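Below is coords.pdb, which holds PDB, C-alpha atoms.
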ATOM      1  CA  MET U   1       4.949   5.402  15.606
ATOM      2  CA  ALA U   2       2.861   2.258  15.772
ATOM      3  CA  PRO U   3       4.247  -0.732  17.636
ATOM      4  CA  LEU U   4       5.509  -3.653  15.619
ATOM      5  CA  PRO U   5       2.984  -6.451  15.170
ATOM      6  CA  GLN U   6       3.673  -9.560  17.188
ATOM      7  CA  ALA U   7       2.684 -13.131  16.529
ATOM      8  CA  ARG U   8      -0.220 -14.280  18.680
ATOM      9  CA  VAL U   9      -0.364 -17.880  19.710
ATOM     10  CA  VAL U  10      -3.389 -19.651  21.140
ATOM     11  CA  ARG U  11      -3.345 -22.927  23.048
ATOM     12  CA  LYS U  12      -5.822 -25.368  21.601
ATOM     13  CA  GLY U  13      -5.895 -28.797  23.180
ATOM     14  CA  GLY U  14      -2.373 -28.374  24.530
ATOM     15  CA  ILE U  15      -0.959 -27.465  21.103
ATOM     16  CA  ALA U  16       0.131 -23.886  20.317
ATOM     17  CA  VAL U  17      -1.511 -22.723  17.099
ATOM     18  CA  ALA U  18      -1.746 -19.332  15.434
ATOM     19  CA  PRO U  19      -5.225 -17.828  15.152
ATOM     20  CA  PRO U  20      -6.757 -17.649  11.657
ATOM     21  CA  PRO U  21      -5.736 -14.590   9.612
ATOM     22  CA  ILE U  22      -7.996 -11.550   9.411
ATOM     23  CA  PRO U  23      -9.955 -11.495   6.109
ATOM     24  CA  LEU U  24      -8.551  -9.159   3.462
ATOM     25  CA  ARG U  25     -11.800  -7.159   3.285
ATOM     26  CA  ASP U  26     -11.577  -6.360   7.011
ATOM     27  CA  ARG U  27      -7.898  -5.413   6.717
ATOM     28  CA  PHE U  28      -8.635  -2.957   3.887
ATOM     29  CA  ALA U  29     -11.566  -1.497   5.827
ATOM     30  CA  SER U  30      -9.370  -0.886   8.869
ATOM     31  CA  MET U  31      -6.654   0.680   6.681
ATOM     32  CA  GLU U  32      -9.204   3.059   5.172
ATOM     33  CA  ASP U  33     -10.477   4.023   8.629
ATOM     34  CA  ASN U  34      -6.940   4.770   9.839
ATOM     35  CA  MET U  35      -6.072   7.065   6.920
ATOM     36  CA  GLY U  36      -6.468  10.772   7.466
ATOM     37  CA  PRO U  37      -8.611  12.944   5.206
ATOM     38  CA  ARG U  38      -5.604  14.350   3.335
ATOM     39  CA  VAL U  39      -4.136  10.933   2.570
ATOM     40  CA  ARG U  40      -7.565   9.596   1.594
ATOM     41  CA  GLY U  41      -8.060  12.554  -0.751
ATOM     42  CA  PHE U  42      -4.639  12.068  -2.333
ATOM     43  CA  VAL U  43      -5.236   8.358  -2.909
ATOM     44  CA  ALA U  44      -8.692   9.072  -4.348
ATOM     45  CA  ALA U  45      -7.228  11.668  -6.725
ATOM     46  CA  VAL U  46      -4.463   9.337  -7.918
ATOM     47  CA  ILE U  47      -6.910   6.491  -8.492
ATOM     48  CA  GLY U  48      -9.506   8.765 -10.080
ATOM     49  CA  LEU U  49      -6.978  10.395 -12.382
ATOM     50  CA  TRP U  50      -5.138   7.207 -13.314
ATOM     51  CA  PRO U  51      -4.845   8.074 -17.037
ATOM     52  CA  VAL U  52      -3.114  11.360 -16.208
ATOM     53  CA  THR U  53      -0.926   9.614 -13.633
ATOM     54  CA  ALA U  54       0.065   6.976 -16.200
ATOM     55  CA  VAL U  55       0.975   9.617 -18.797
ATOM     56  CA  VAL U  56       3.060  11.569 -16.274
ATOM     57  CA  LEU U  57       4.910   8.423 -15.184
ATOM     58  CA  LEU U  58       5.504   7.495 -18.822
ATOM     59  CA  ALA U  59       6.845  10.987 -19.553
ATOM     60  CA  PHE U  60       9.231  10.836 -16.594
ATOM     61  CA  GLY U  61      10.387   7.398 -17.720
ATOM     62  CA  LEU U  62      11.068   8.606 -21.247
ATOM     63  CA  MET U  63      12.952  11.648 -19.926
ATOM     64  CA  TRP U  64      15.030   9.381 -17.692
ATOM     65  CA  ILE U  65      15.883   7.095 -20.620
ATOM     66  CA  ALA U  66      16.765  10.093 -22.806
ATOM     67  CA  MET U  67      18.991  11.458 -20.066
ATOM     68  CA  LEU U  68      20.800   8.120 -19.707
ATOM     69  CA  GLN U  69      21.246   7.729 -23.492
ATOM     70  CA  SER U  70      22.752  11.191 -23.963
ATOM     71  CA  SER U  71      25.227  10.974 -21.083
ATOM     72  CA  PRO U  72      28.834  10.114 -22.000
TER      73      PRO U  72
END
Whole structure, structure tokens version:
Amino acid sequence: MAPLPQARVVRKGGIAVAPPPIPLRDRFASMEDNMGPRVRGFVAAVIGLWPVTAVVLLAFGLMWIAMLQSSP
């Protein structure tokens, strides 16, 4: 389990200030590097097959609504 992130404070001219945030592009690049091949493949399949994923989610939603409407 990864350790919890902690706030880093830098002293600049006697005043404690937080360092600038890491750019979003670099954060996404580091997330992609940390993912394993199985997780990366799963995410690629879900993104690549988004129309099928949307239809499946819609079908489950409609089944859930039908189940709630027919219950006493």
Around stretch 54-67 of chain U, with edges along x, y and z and 6 Å added on all six sides, what centre and edge lengths do you get, in Å to one decimal, as AutoDock Vina command-line options?
--center_x 9.5 --center_y 9.3 --center_z -19.0 --size_x 30.9 --size_y 16.7 --size_z 19.6
Atomic separation - atom CA of U:Met67 relative to atom CA of U:Val46, Å: 26.5 Å
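Note that atom CA of U:Ile47 and atom CA of U:Ala29 are 17.0 Å apart.
The interatomic distance for the pair atom CA of U:Ser30 and atom CA of U:Thr53 works out to 26.2 Å.
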Since the input is missing atoms, can you rebuild N, CA and C atoms for stretch 17-48 of chain U and write them as a PDB file, in the frame of the given file?
ATOM      1  N   VAL U  17      -1.177 -22.995  18.496  1.00  0.00           N
ATOM      2  CA  VAL U  17      -1.511 -22.723  17.099  1.00  0.00           C
ATOM      3  C   VAL U  17      -1.761 -21.232  16.929  1.00  0.00           C
ATOM      4  N   ALA U  18      -1.478 -20.733  15.738  1.00  0.00           N
ATOM      5  CA  ALA U  18      -1.746 -19.332  15.434  1.00  0.00           C
ATOM      6  C   ALA U  18      -3.221 -19.169  15.101  1.00  0.00           C
ATOM      7  N   PRO U  19      -3.823 -18.042  15.499  1.00  0.00           N
ATOM      8  CA  PRO U  19      -5.225 -17.828  15.152  1.00  0.00           C
ATOM      9  C   PRO U  19      -5.379 -17.629  13.646  1.00  0.00           C
ATOM     10  N   PRO U  20      -6.578 -17.825  13.105  1.00  0.00           N
ATOM     11  CA  PRO U  20      -6.757 -17.649  11.657  1.00  0.00           C
ATOM     12  C   PRO U  20      -6.503 -16.191  11.259  1.00  0.00           C
ATOM     13  N   PRO U  21      -6.016 -15.960  10.045  1.00  0.00           N
ATOM     14  CA  PRO U  21      -5.736 -14.590   9.612  1.00  0.00           C
ATOM     15  C   PRO U  21      -7.025 -13.781   9.462  1.00  0.00           C
ATOM     16  N   ILE U  22      -6.870 -12.473   9.582  1.00  0.00           N
ATOM     17  CA  ILE U  22      -7.996 -11.550   9.411  1.00  0.00           C
ATOM     18  C   ILE U  22      -8.328 -11.491   7.913  1.00  0.00           C
ATOM     19  N   PRO U  23      -9.604 -11.566   7.538  1.00  0.00           N
ATOM     20  CA  PRO U  23      -9.955 -11.495   6.109  1.00  0.00           C
ATOM     21  C   PRO U  23      -9.453 -10.196   5.472  1.00  0.00           C
ATOM     22  N   LEU U  24      -9.118 -10.291   4.193  1.00  0.00           N
ATOM     23  CA  LEU U  24      -8.551  -9.159   3.462  1.00  0.00           C
ATOM     24  C   LEU U  24      -9.515  -7.971   3.438  1.00  0.00           C
ATOM     25  N   ARG U  25     -10.811  -8.235   3.319  1.00  0.00           N
ATOM     26  CA  ARG U  25     -11.800  -7.159   3.285  1.00  0.00           C
ATOM     27  C   ARG U  25     -11.761  -6.347   4.588  1.00  0.00           C
ATOM     28  N   ASP U  26     -11.641  -7.054   5.725  1.00  0.00           N
ATOM     29  CA  ASP U  26     -11.577  -6.360   7.011  1.00  0.00           C
ATOM     30  C   ASP U  26     -10.279  -5.580   7.160  1.00  0.00           C
ATOM     31  N   ARG U  27      -9.174  -6.133   6.639  1.00  0.00           N
ATOM     32  CA  ARG U  27      -7.898  -5.413   6.717  1.00  0.00           C
ATOM     33  C   ARG U  27      -7.958  -4.121   5.913  1.00  0.00           C
ATOM     34  N   PHE U  28      -8.527  -4.164   4.700  1.00  0.00           N
ATOM     35  CA  PHE U  28      -8.635  -2.957   3.887  1.00  0.00           C
ATOM     36  C   PHE U  28      -9.565  -1.943   4.536  1.00  0.00           C
ATOM     37  N   ALA U  29     -10.644  -2.411   5.153  1.00  0.00           N
ATOM     38  CA  ALA U  29     -11.566  -1.497   5.827  1.00  0.00           C
ATOM     39  C   ALA U  29     -10.875  -0.793   6.986  1.00  0.00           C
ATOM     40  N   SER U  30     -10.057  -1.519   7.751  1.00  0.00           N
ATOM     41  CA  SER U  30      -9.370  -0.886   8.869  1.00  0.00           C
ATOM     42  C   SER U  30      -8.297   0.071   8.368  1.00  0.00           C
ATOM     43  N   MET U  31      -7.649  -0.240   7.238  1.00  0.00           N
ATOM     44  CA  MET U  31      -6.654   0.680   6.681  1.00  0.00           C
ATOM     45  C   MET U  31      -7.328   1.976   6.247  1.00  0.00           C
ATOM     46  N   GLU U  32      -8.498   1.867   5.630  1.00  0.00           N
ATOM     47  CA  GLU U  32      -9.204   3.059   5.172  1.00  0.00           C
ATOM     48  C   GLU U  32      -9.655   3.913   6.352  1.00  0.00           C
ATOM     49  N   ASP U  33     -10.059   3.272   7.448  1.00  0.00           N
ATOM     50  CA  ASP U  33     -10.477   4.023   8.629  1.00  0.00           C
ATOM     51  C   ASP U  33      -9.306   4.748   9.277  1.00  0.00           C
ATOM     52  N   ASN U  34      -8.103   4.174   9.195  1.00  0.00           N
ATOM     53  CA  ASN U  34      -6.940   4.770   9.839  1.00  0.00           C
ATOM     54  C   ASN U  34      -6.315   5.899   9.031  1.00  0.00           C
ATOM     55  N   MET U  35      -6.641   6.000   7.747  1.00  0.00           N
ATOM     56  CA  MET U  35      -6.072   7.065   6.920  1.00  0.00           C
ATOM     57  C   MET U  35      -6.727   8.393   7.266  1.00  0.00           C
ATOM     58  N   GLY U  36      -5.939   9.447   7.230  1.00  0.00           N
ATOM     59  CA  GLY U  36      -6.468  10.772   7.466  1.00  0.00           C
ATOM     60  C   GLY U  36      -7.177  11.293   6.236  1.00  0.00           C
ATOM     61  N   PRO U  37      -7.876  12.421   6.364  1.00  0.00           N
ATOM     62  CA  PRO U  37      -8.611  12.944   5.206  1.00  0.00           C
ATOM     63  C   PRO U  37      -7.695  13.398   4.074  1.00  0.00           C
ATOM     64  N   ARG U  38      -6.511  13.907   4.399  1.00  0.00           N
ATOM     65  CA  ARG U  38      -5.604  14.350   3.335  1.00  0.00           C
ATOM     66  C   ARG U  38      -5.064  13.162   2.546  1.00  0.00           C
ATOM     67  N   VAL U  39      -4.658  12.119   3.251  1.00  0.00           N
ATOM     68  CA  VAL U  39      -4.136  10.933   2.570  1.00  0.00           C
ATOM     69  C   VAL U  39      -5.235  10.278   1.749  1.00  0.00           C
ATOM     70  N   ARG U  40      -6.442  10.195   2.314  1.00  0.00           N
ATOM     71  CA  ARG U  40      -7.565   9.596   1.594  1.00  0.00           C
ATOM     72  C   ARG U  40      -7.875  10.398   0.332  1.00  0.00           C
ATOM     73  N   GLY U  41      -7.816  11.721   0.419  1.00  0.00           N
ATOM     74  CA  GLY U  41      -8.060  12.554  -0.751  1.00  0.00           C
ATOM     75  C   GLY U  41      -6.995  12.382  -1.814  1.00  0.00           C
ATOM     76  N   PHE U  42      -5.738  12.275  -1.384  1.00  0.00           N
ATOM     77  CA  PHE U  42      -4.639  12.068  -2.333  1.00  0.00           C
ATOM     78  C   PHE U  42      -4.791  10.736  -3.049  1.00  0.00           C
ATOM     79  N   VAL U  43      -5.068   9.684  -2.299  1.00  0.00           N
ATOM     80  CA  VAL U  43      -5.236   8.358  -2.909  1.00  0.00           C
ATOM     81  C   VAL U  43      -6.428   8.354  -3.859  1.00  0.00           C
ATOM     82  N   ALA U  44      -7.516   9.004  -3.476  1.00  0.00           N
ATOM     83  CA  ALA U  44      -8.692   9.072  -4.348  1.00  0.00           C
ATOM     84  C   ALA U  44      -8.375   9.826  -5.632  1.00  0.00           C
ATOM     85  N   ALA U  45      -7.583  10.903  -5.536  1.00  0.00           N
ATOM     86  CA  ALA U  45      -7.228  11.668  -6.725  1.00  0.00           C
ATOM     87  C   ALA U  45      -6.331  10.859  -7.654  1.00  0.00           C
ATOM     88  N   VAL U  46      -5.364  10.146  -7.086  1.00  0.00           N
ATOM     89  CA  VAL U  46      -4.463   9.337  -7.918  1.00  0.00           C
ATOM     90  C   VAL U  46      -5.233   8.220  -8.614  1.00  0.00           C
ATOM     91  N   ILE U  47      -6.127   7.573  -7.882  1.00  0.00           N
ATOM     92  CA  ILE U  47      -6.910   6.491  -8.492  1.00  0.00           C
ATOM     93  C   ILE U  47      -7.899   7.057  -9.504  1.00  0.00           C
ATOM     94  N   GLY U  48      -8.528   8.176  -9.177  1.00  0.00           N
ATOM     95  CA  GLY U  48      -9.506   8.765 -10.080  1.00  0.00           C
ATOM     96  C   GLY U  48      -8.886   9.330 -11.342  1.00  0.00           C
TER      97      GLY U  48
END
